[in-house]
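These notes are about the structure you will find just below.
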Amino acid sequence: MAEWKAQPGPQTLALQIPDSVNEILYGGQRGGGKTDTGMVWMQEPIEVPRYRGLVIRKHASDLRDWVDRAMRMYQGLGVKQAYRPWELSFPSGAKIYTGHLKDDLSYTQWMGQEFQRMLIEELTQIPDEKRYSQLRASNRSTIPGLRAQTFATTNPGGVGHAWVRKRFVDPAPYYQIFYDRLGLRRVYIPAGIDNNPALTKNDPDYVKQLESLKEVDYDLWKAWRLGDWSIVAGQAFREWNPLMHISPVPPISLRDCKKFVCFDWGYSAWGVALWVAIAPENQYGVVRYYVYREMWMQKQEPREWARQFKLTQRIDGVKDIWLPHDCFNKEMGDSIADIFHRDGGMNVKQAATLQTNARHMRKAIMHASLADAIDGRPYLQMHPNCSMLAASIPELITDENDPEDIDTDGNDHGYDALTEGLMMEAPHLAKSGGIRTDRLLPQIKRNKIWSPGLMPGTYNAPDIMSAIAEYNTRPHHVLRPR
Ligand SMILES: Nc1ncnc2c1ncn2[C@@H]1O[C@H](COP(=O)(O)OP(=O)(O)OP(=O)(O)O)[C@@H](O)[C@H]1O
Ligand SMILES: [Mg+2]
């Protein structure tokens with residue numbers, strides 16, 4: 001049987017990145033050979049007896065597929081497999097472990113262990129950078145001569161699209177190894193199906209299949225066929241426009257507005273409080289909502305929140321707060337609402353978060369409030385200081401199984417707080433509806449809101465040619481095509 005050989009182009013390059021680069025993202029088009037490439041990379045150190053690799057995929061079923069493929073590819077290497085969880089072992093004693101991302105805990109279950117190589121398939125399935133960093137905390141090496149490295153693959157799109165793009169794709173030109181602020185090295189290699197003749201020759205219809213997406217889902221076509229990161233496949237609020245929705249100037253003096261706080265509880269996840277002013281009807285009959293303060297806290301007890309509310313009351317006296325139903329749970333004694341009332345002096349009100357269709361209603365309200373009112377400005381605006389909220393809105397994506405809701409794996413805490421408040425204070429908006437731009441224009445122009453993760457002038461990393469020279473001295477095992 002023939003030997004597996006990297007195909008010319010990105011696949012070859014992806015396997016030639018020196019091991020001094022901490023993280024490699026090999027991503028882009030569907031069918032670009034990403035999974036194969038990751039498999040080849042993963043087995044490179046298998047002659048090192050203490051080598052431990054970890055492969056991460058989203059579901060257990062995806063892992064099974066990976067292991068099946070790997071078993072075929074590695075068959076000439078004396079590989080053996082064990083089950084639950086799947087493990088591959090090699091004659092030297094080297095091992096490749098596998099894991100999936102079922103719940104929050106899966107990100108910390110590897111704590112204290114050492115994996116010199118970590119392969120993460122479909123990286124954008126990891127909702128946020130924090131969880132990725134938790135995983136990567138076990139990517140380290142005490143084996144001299146074997147450096148820790150992460151290899152990730154993905155198509156654009158998915159809940160983690162935004163952070164992955166910010167971390168890997170935006171900071172430097174493709175193929176360019178760059179340093180982040182801490183001096184860690186990364187590189188993004190774009191995968192292309194047109195560079196994978198193994199697939200396109202054998203199955204010329206596959207490209208046509210991808211092309212046919214263009215008619216039905218333009219963004220998905222751009223993500224899968226073109227590997228284009230400028231879109232967010234499935235972005236829930238395409239109408240988000242920082243130029244319109246962020247405004248340093250409130251519609252009218254805040255002193256003349258009714259105000260309320262809306263809140264989403266979180267302890268391990270973010271808890272969020274948003275202060276919203278309702279500007280009275282203007283000469284065009286428009287009532288505008290202005291988020292003028294945000295507070296995000298993690299790992300804080302309800303008492304600390306209550307203390308913060310008390311402090312902010314000194315500034316603007318706002319006491320009305322909308323809380324989701326879970327804040328009224330008394331199973332553990334005092335509810336969160338009780339504490340906010342007693343210690344924070346807040347006037348607590350339960351939002352109708354349990355009402356039938358509440359989640360659909362919230363998404364509808366969000367669309368309606370982002371839409372332009374008759375006077376040419378959106379119903380909802382926020383102060384630039386509410387930057388966490390502003391950053392989270394364009395990153396929300398639609399739930400694959402329910403287009404009228406958002407995918408709750410994303411950073412939806414600000415959204416949850418805001419829509420719960422708007423649902424109670426501005427239900428009329430959902431009925432009048434704004435212009436549902438998302439329904440009208442599939443390719444509405446996206447605003448560039450990404451801030452590069454790098455300081456200018458930090459691209460002085462080793463170039464790709466020295467990378468290639470280094471690679472050629474690395475050991476090569478005989479792998480079988482499948
Ligand atoms: N160098 C190679 N030699 C032989 N076959 C290859 C090579 N690279 C990729 N292939 C084959 O091309 C097909 C697609 O590759 P692969 O599954 O790795 O792509 P992918 O980018 O992971 O696709 P997807 O985006 O669907 O996950 C597979 O059958 C794979 O075995
Ligand atoms: Mg794949």
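To be explicit about the labels: the chains of the structure tokens are called A, B, and onward in the order shown, and within each one the residues are counted from 1, while ligands get numbers from 1 in the order they are shown.
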Exercise. With only C-alpha atoms and all ligand atoms counted, collect every polymer residue having an atom within 9 Å of ligand 2; state the result as a PyMOL selection string.
Key: chain A and resi 30-36+38+66+121-122+153-155
Could you please take those selected residues and save C-alpha atoms as a compact mmCIF listing (two decimals), in the first residue's frame?
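What follows is the written file result-v1.txt:
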# COMPACT_ATOMS: atom_id res chain seq x y z
CA ARG A 30 -14.58 21.83 4.27
CA GLY A 31 -12.68 18.85 2.92
CA GLY A 32 -9.31 20.58 3.03
CA GLY A 33 -7.64 17.59 4.66
CA LYS A 34 -7.67 19.04 8.18
CA THR A 35 -8.54 15.85 10.03
CA ASP A 36 -5.91 13.83 8.17
CA GLY A 38 -4.06 16.55 12.55
CA TRP A 66 -11.61 9.88 14.57
CA GLU A 121 -10.84 19.23 16.18
CA GLU A 122 -13.54 21.77 15.30
CA THR A 153 -8.60 22.45 13.11
CA THR A 154 -11.88 24.09 12.25
CA ASN A 155 -14.17 25.61 9.67
Self-check item: Shell of 10 Å around ligand 1 (only C-alpha atoms and all ligand atoms), written as a ChimeraX atom specification
Solution: /A:2-8,11-12,26-40,66,69,73,121-122,153-156,191-193,195-203,224-225,227,479-482
File of the preceding selection, N, CA and C atoms, as a short mmCIF file (atom, residue, chain, number, x, y, z; two decimals), in the first residue's frame:
data_model
loop_
_atom_site.label_atom_id
_atom_site.label_comp_id
_atom_site.auth_asym_id
_atom_site.auth_seq_id
_atom_site.Cartn_x
_atom_site.Cartn_y
_atom_site.Cartn_z
N ALA A 2 0.42 2.28 -0.66
CA ALA A 2 1.23 3.50 -0.74
C ALA A 2 1.34 4.19 0.61
N GLU A 3 2.30 5.07 0.70
CA GLU A 3 2.54 5.82 1.93
C GLU A 3 1.67 7.08 1.91
N TRP A 4 1.22 7.50 3.07
CA TRP A 4 0.51 8.79 3.15
C TRP A 4 1.53 9.90 2.96
N LYS A 5 1.24 10.82 2.07
CA LYS A 5 2.18 11.93 1.85
C LYS A 5 1.39 13.22 1.91
N ALA A 6 1.95 14.19 2.58
CA ALA A 6 1.27 15.49 2.62
C ALA A 6 1.16 16.02 1.20
N GLN A 7 0.00 16.62 0.89
CA GLN A 7 -0.18 17.18 -0.44
C GLN A 7 0.47 18.56 -0.50
N PRO A 8 0.95 18.94 -1.69
CA PRO A 8 1.61 20.25 -1.78
C PRO A 8 0.66 21.36 -1.33
N GLN A 11 -1.33 21.84 3.33
CA GLN A 11 -1.18 20.63 4.15
C GLN A 11 0.29 20.39 4.48
N THR A 12 1.14 20.54 3.46
CA THR A 12 2.57 20.39 3.70
C THR A 12 3.05 21.44 4.70
N TYR A 26 -5.19 25.11 11.83
CA TYR A 26 -5.28 24.72 10.44
C TYR A 26 -6.77 24.70 10.13
N GLY A 27 -7.22 25.72 9.45
CA GLY A 27 -8.68 25.84 9.34
C GLY A 27 -9.11 26.42 8.03
N GLY A 28 -10.40 26.36 7.80
CA GLY A 28 -10.93 26.98 6.59
C GLY A 28 -11.97 26.10 5.95
N GLN A 29 -11.74 25.78 4.66
CA GLN A 29 -12.78 25.13 3.88
C GLN A 29 -13.06 23.69 4.33
N ARG A 30 -14.26 23.23 4.04
CA ARG A 30 -14.58 21.83 4.27
C ARG A 30 -13.75 20.97 3.33
N GLY A 31 -13.36 19.82 3.79
CA GLY A 31 -12.68 18.85 2.92
C GLY A 31 -11.25 19.23 2.57
N GLY A 32 -10.66 20.14 3.34
CA GLY A 32 -9.31 20.58 3.03
C GLY A 32 -8.23 19.63 3.54
N GLY A 33 -8.63 18.54 4.15
CA GLY A 33 -7.64 17.59 4.66
C GLY A 33 -7.21 17.90 6.08
N LYS A 34 -8.05 18.61 6.83
CA LYS A 34 -7.67 19.04 8.18
C LYS A 34 -7.54 17.85 9.13
N THR A 35 -8.54 16.97 9.09
CA THR A 35 -8.54 15.85 10.03
C THR A 35 -7.34 14.95 9.78
N ASP A 36 -7.09 14.65 8.51
CA ASP A 36 -5.91 13.83 8.17
C ASP A 36 -4.63 14.48 8.68
N THR A 37 -4.51 15.77 8.46
CA THR A 37 -3.29 16.47 8.83
C THR A 37 -3.06 16.41 10.35
N GLY A 38 -4.15 16.62 11.10
CA GLY A 38 -4.06 16.55 12.55
C GLY A 38 -3.61 15.16 13.00
N MET A 39 -4.10 14.15 12.33
CA MET A 39 -3.73 12.77 12.69
C MET A 39 -2.25 12.51 12.46
N VAL A 40 -1.76 13.04 11.36
CA VAL A 40 -0.35 12.84 11.05
C VAL A 40 0.51 13.57 12.08
N TRP A 66 -13.04 9.51 14.62
CA TRP A 66 -11.61 9.88 14.57
C TRP A 66 -10.76 8.65 14.85
N ARG A 69 -10.65 6.21 11.96
CA ARG A 69 -9.75 6.68 10.91
C ARG A 69 -8.29 6.55 11.32
N MET A 73 -5.08 4.65 9.69
CA MET A 73 -3.87 5.38 9.29
C MET A 73 -2.62 4.86 10.02
N GLU A 121 -10.12 19.20 17.45
CA GLU A 121 -10.84 19.23 16.18
C GLU A 121 -12.05 20.14 16.34
N GLU A 122 -12.38 20.87 15.28
CA GLU A 122 -13.54 21.77 15.30
C GLU A 122 -13.41 22.75 16.48
N THR A 153 -8.03 22.35 14.46
CA THR A 153 -8.60 22.45 13.11
C THR A 153 -10.01 22.99 13.25
N THR A 154 -10.48 23.63 12.23
CA THR A 154 -11.88 24.09 12.25
C THR A 154 -12.29 24.72 10.93
N ASN A 155 -13.60 24.75 10.71
CA ASN A 155 -14.17 25.61 9.67
C ASN A 155 -14.60 26.90 10.37
N PRO A 156 -14.70 28.01 9.63
CA PRO A 156 -15.28 29.20 10.26
C PRO A 156 -16.73 28.90 10.65
N ALA A 191 -6.80 26.01 5.23
CA ALA A 191 -6.94 24.73 4.51
C ALA A 191 -7.84 24.95 3.30
N GLY A 192 -7.51 24.31 2.19
CA GLY A 192 -8.34 24.51 1.00
C GLY A 192 -8.68 23.19 0.33
N ILE A 193 -9.94 23.03 -0.02
CA ILE A 193 -10.33 21.78 -0.69
C ILE A 193 -9.66 21.68 -2.06
N ASN A 195 -6.77 22.27 -2.66
CA ASN A 195 -5.43 21.69 -2.45
C ASN A 195 -5.52 20.25 -1.97
N ASN A 196 -6.69 19.66 -2.10
CA ASN A 196 -6.84 18.27 -1.65
C ASN A 196 -7.32 17.39 -2.80
N PRO A 197 -6.43 17.15 -3.79
CA PRO A 197 -6.85 16.34 -4.93
C PRO A 197 -7.27 14.93 -4.53
N ALA A 198 -6.76 14.45 -3.37
CA ALA A 198 -7.16 13.11 -2.93
C ALA A 198 -8.68 13.04 -2.86
N LEU A 199 -9.30 14.14 -2.49
CA LEU A 199 -10.76 14.17 -2.40
C LEU A 199 -11.39 14.62 -3.71
N THR A 200 -10.89 15.72 -4.27
CA THR A 200 -11.59 16.29 -5.44
C THR A 200 -11.49 15.38 -6.67
N LYS A 201 -10.40 14.63 -6.80
CA LYS A 201 -10.29 13.71 -7.94
C LYS A 201 -11.21 12.51 -7.76
N ASN A 202 -11.21 12.02 -6.53
CA ASN A 202 -11.98 10.82 -6.26
C ASN A 202 -13.49 11.11 -6.22
N ASP A 203 -13.83 12.31 -5.79
CA ASP A 203 -15.25 12.65 -5.63
C ASP A 203 -15.50 14.08 -6.13
N TRP A 224 -17.86 27.37 4.47
CA TRP A 224 -17.42 26.00 4.15
C TRP A 224 -16.72 25.91 2.80
N ARG A 225 -17.22 26.65 1.82
CA ARG A 225 -16.61 26.56 0.50
C ARG A 225 -15.38 27.46 0.38
N GLY A 227 -13.98 29.15 3.14
CA GLY A 227 -13.21 29.24 4.39
C GLY A 227 -13.09 30.69 4.84
N LEU A 479 2.90 6.07 7.17
CA LEU A 479 1.47 6.07 7.45
C LEU A 479 0.74 5.56 6.21
N ARG A 480 -0.40 4.99 6.44
CA ARG A 480 -1.17 4.44 5.32
C ARG A 480 -2.34 5.34 4.98
N PRO A 481 -2.58 5.58 3.69
CA PRO A 481 -3.81 6.31 3.34
C PRO A 481 -5.00 5.40 3.61
N ARG A 482 -6.16 6.00 3.80
CA ARG A 482 -7.30 5.18 4.11
C ARG A 482 -8.26 5.09 2.93
#
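For the choices A:Pro302, A:Ile120, A:His59, A:Gln75, the atom-to-atom distance to A:Asp334 is smallest for A:Pro302 when using only C-alpha atoms.
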Practice problem: Quick one: everything within 9 Å of stretch 87-89 of chain A, counting only C-alpha atoms, minus sequence neighbours fewer than 3 positions away in the same chain. Send it as a ChimeraX atom specification. | Solution: /A:46,67,70-71,78-84,92-98
Practice problem: Once DSSP has gone over the backbone, tell me which residues of stretch 156-384 of chain A are in alpha helix (DSSP H), as an NGL selection string. | Solution: :A and (161-164 or 197-200 or 205-211 or 213-216 or 218-224 or 242-245 or 302-316 or 336-342 or 358-370)
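Proximity to A:Arg303 at 7 Å, evaluated using only C-alpha atoms and with sequence-adjacent residues fewer than 4 positions away removed, yields Arg307, Ile339 and Asp343 of chain A.
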Exercise. Can you pull out every residue within 12 Å of A:Phe263, counting only C-alpha atoms, but drop anything in the same chain fewer than 5 positions away, and send it as a ChimeraX atom specification?
Key: /A:270-276,293-297,302,305-306,309,320-327,336-337,340,348-351,353,413-422
Quiz item: A:Ala236, A:Ala371, A:Ile252, A:Cys257: which is nearest A:Thr398, counting only C-alpha atoms?
Solution: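 Of A:Ala236, A:Ala371, A:Ile252, A:Cys257, the one nearest A:Thr398, counting only C-alpha atoms, is A:Ala236.
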Quiz prompt | Minimum-distance residue to A:Glu404, chosen among A:Pro427, A:Ala269, A:Gly234, A:Gln149 (using only C-alpha atoms) | solution =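 Of the candidates, the smallest distance to A:Glu404 is held by A:Gly234.
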Quiz item: Which is closer to A:Arg288 than all the others in A:Pro251, A:Gly317, A:Pro384, A:Gly266, using only C-alpha atoms?
Solution: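 So, comparing all the options, the nearest one is A:Pro251.
What separates atom CA of A:Ser61 from atom CA of A:Lys102 is a distance of 11.3 Å.
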If we count only C-alpha atoms and set the cut-off at 9 Å, which residues sit around A:Ala279, ignoring sequence neighbours fewer than 2 positions away in its own chain? Please answer as a PDB file with N, CA and C atoms, in the first residue's frame.
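Below is the file that was written, out.pdb:
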ATOM      1  N   PRO A 250     -26.477  60.012  25.541  1.00  0.00           N
ATOM      2  CA  PRO A 250     -27.820  59.464  25.738  1.00  0.00           C
ATOM      3  C   PRO A 250     -28.847  60.257  24.929  1.00  0.00           C
ATOM      4  N   PRO A 251     -29.983  59.650  24.624  1.00  0.00           N
ATOM      5  CA  PRO A 251     -31.011  60.341  23.827  1.00  0.00           C
ATOM      6  C   PRO A 251     -31.424  61.667  24.455  1.00  0.00           C
ATOM      7  N   ILE A 252     -31.625  61.670  25.759  1.00  0.00           N
ATOM      8  CA  ILE A 252     -31.852  62.927  26.482  1.00  0.00           C
ATOM      9  C   ILE A 252     -31.149  62.782  27.819  1.00  0.00           C
ATOM     10  N   SER A 253     -31.125  63.837  28.596  1.00  0.00           N
ATOM     11  CA  SER A 253     -30.457  63.747  29.893  1.00  0.00           C
ATOM     12  C   SER A 253     -31.025  62.569  30.693  1.00  0.00           C
ATOM     13  N   LEU A 254     -30.124  61.782  31.267  1.00  0.00           N
ATOM     14  CA  LEU A 254     -30.567  60.602  32.009  1.00  0.00           C
ATOM     15  C   LEU A 254     -31.465  60.983  33.182  1.00  0.00           C
ATOM     16  N   ASP A 256     -33.921  62.803  33.147  1.00  0.00           N
ATOM     17  CA  ASP A 256     -35.328  62.867  32.753  1.00  0.00           C
ATOM     18  C   ASP A 256     -35.887  61.515  32.304  1.00  0.00           C
ATOM     19  N   CYS A 257     -35.140  60.461  32.564  1.00  0.00           N
ATOM     20  CA  CYS A 257     -35.582  59.141  32.104  1.00  0.00           C
ATOM     21  C   CYS A 257     -36.028  58.274  33.274  1.00  0.00           C
ATOM     22  N   LYS A 258     -36.986  57.404  32.984  1.00  0.00           N
ATOM     23  CA  LYS A 258     -37.270  56.322  33.934  1.00  0.00           C
ATOM     24  C   LYS A 258     -36.138  55.308  33.779  1.00  0.00           C
ATOM     25  N   LYS A 259     -35.719  54.707  34.877  1.00  0.00           N
ATOM     26  CA  LYS A 259     -34.589  53.776  34.765  1.00  0.00           C
ATOM     27  C   LYS A 259     -34.895  52.471  35.482  1.00  0.00           C
ATOM     28  N   ALA A 277     -31.978  53.175  30.728  1.00  0.00           N
ATOM     29  CA  ALA A 277     -32.817  54.371  30.838  1.00  0.00           C
ATOM     30  C   ALA A 277     -33.846  54.347  29.714  1.00  0.00           C
ATOM     31  N   GLU A 281     -41.014  59.489  24.970  1.00  0.00           N
ATOM     32  CA  GLU A 281     -41.338  59.663  23.557  1.00  0.00           C
ATOM     33  C   GLU A 281     -40.818  60.995  23.012  1.00  0.00           C
ATOM     34  N   ASN A 282     -40.108  60.957  21.891  1.00  0.00           N
ATOM     35  CA  ASN A 282     -39.625  62.218  21.302  1.00  0.00           C
ATOM     36  C   ASN A 282     -40.643  62.758  20.292  1.00  0.00           C
ATOM     37  N   VAL A 286     -41.043  58.320  19.201  1.00  0.00           N
ATOM     38  CA  VAL A 286     -40.163  57.173  19.450  1.00  0.00           C
ATOM     39  C   VAL A 286     -39.709  57.136  20.915  1.00  0.00           C
ATOM     40  N   VAL A 287     -39.882  55.990  21.532  1.00  0.00           N
ATOM     41  CA  VAL A 287     -39.349  55.777  22.882  1.00  0.00           C
ATOM     42  C   VAL A 287     -38.045  55.010  22.715  1.00  0.00           C
ATOM     43  N   ARG A 288     -36.979  55.552  23.322  1.00  0.00           N
ATOM     44  CA  ARG A 288     -35.668  54.932  23.093  1.00  0.00           C
ATOM     45  C   ARG A 288     -35.122  54.336  24.400  1.00  0.00           C
ATOM     46  N   TYR A 289     -34.399  53.206  24.270  1.00  0.00           N
ATOM     47  CA  TYR A 289     -33.838  52.509  25.432  1.00  0.00           C
ATOM     48  C   TYR A 289     -32.324  52.657  25.391  1.00  0.00           C
ATOM     49  N   TYR A 290     -31.761  53.067  26.497  1.00  0.00           N
ATOM     50  CA  TYR A 290     -30.334  53.383  26.513  1.00  0.00           C
ATOM     51  C   TYR A 290     -29.664  52.659  27.681  1.00  0.00           C
TER      52      TYR A 290
END
Self-check item: Shell around A:Ile397 at 8 Å using only C-alpha atoms, local window under 2 positions removed, as a list in words
Solution: Gly158, Val159, Val232, Ala233, Gly234, Gln235, Ala236, Phe237, Glu395, Asp399, Ile406, Asp407 and Gly410 of chain A
Exercise. Provide the atom CA of A:Gly9 to atom CA of A:Arg185 distance in Å, to one decimal place.
Key: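 Straight-line distance from atom CA of A:Gly9 to atom CA of A:Arg185 works out to 21.5 Å.
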Exercise. Quick one: pick out all strand (DSSP E or B) residues within stretch 239-402 of chain A from a backbone DSSP run and write them as a PyMOL selection string.
Key: chain A and resi 246+258-264+271-279+288-297+320-323+347-350+372+378+380-382+397-399+402
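Coordinates place atom CA of A:Pro378 at a distance of 6.7 Å from atom CA of A:His245.
Counting only C-alpha atoms, the residue from A:Tyr74, A:Tyr218, A:Tyr206, A:Tyr188 that sits nearest to A:Tyr175 is A:Tyr188.
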Practice problem: Have a look at A:Leu146, A:Leu396, A:Leu15, A:Ile56 and name the one nearest to A:Trp240; count only C-alpha atoms. | Solution: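 Distance minimum relative to A:Trp240 lands on A:Leu396.
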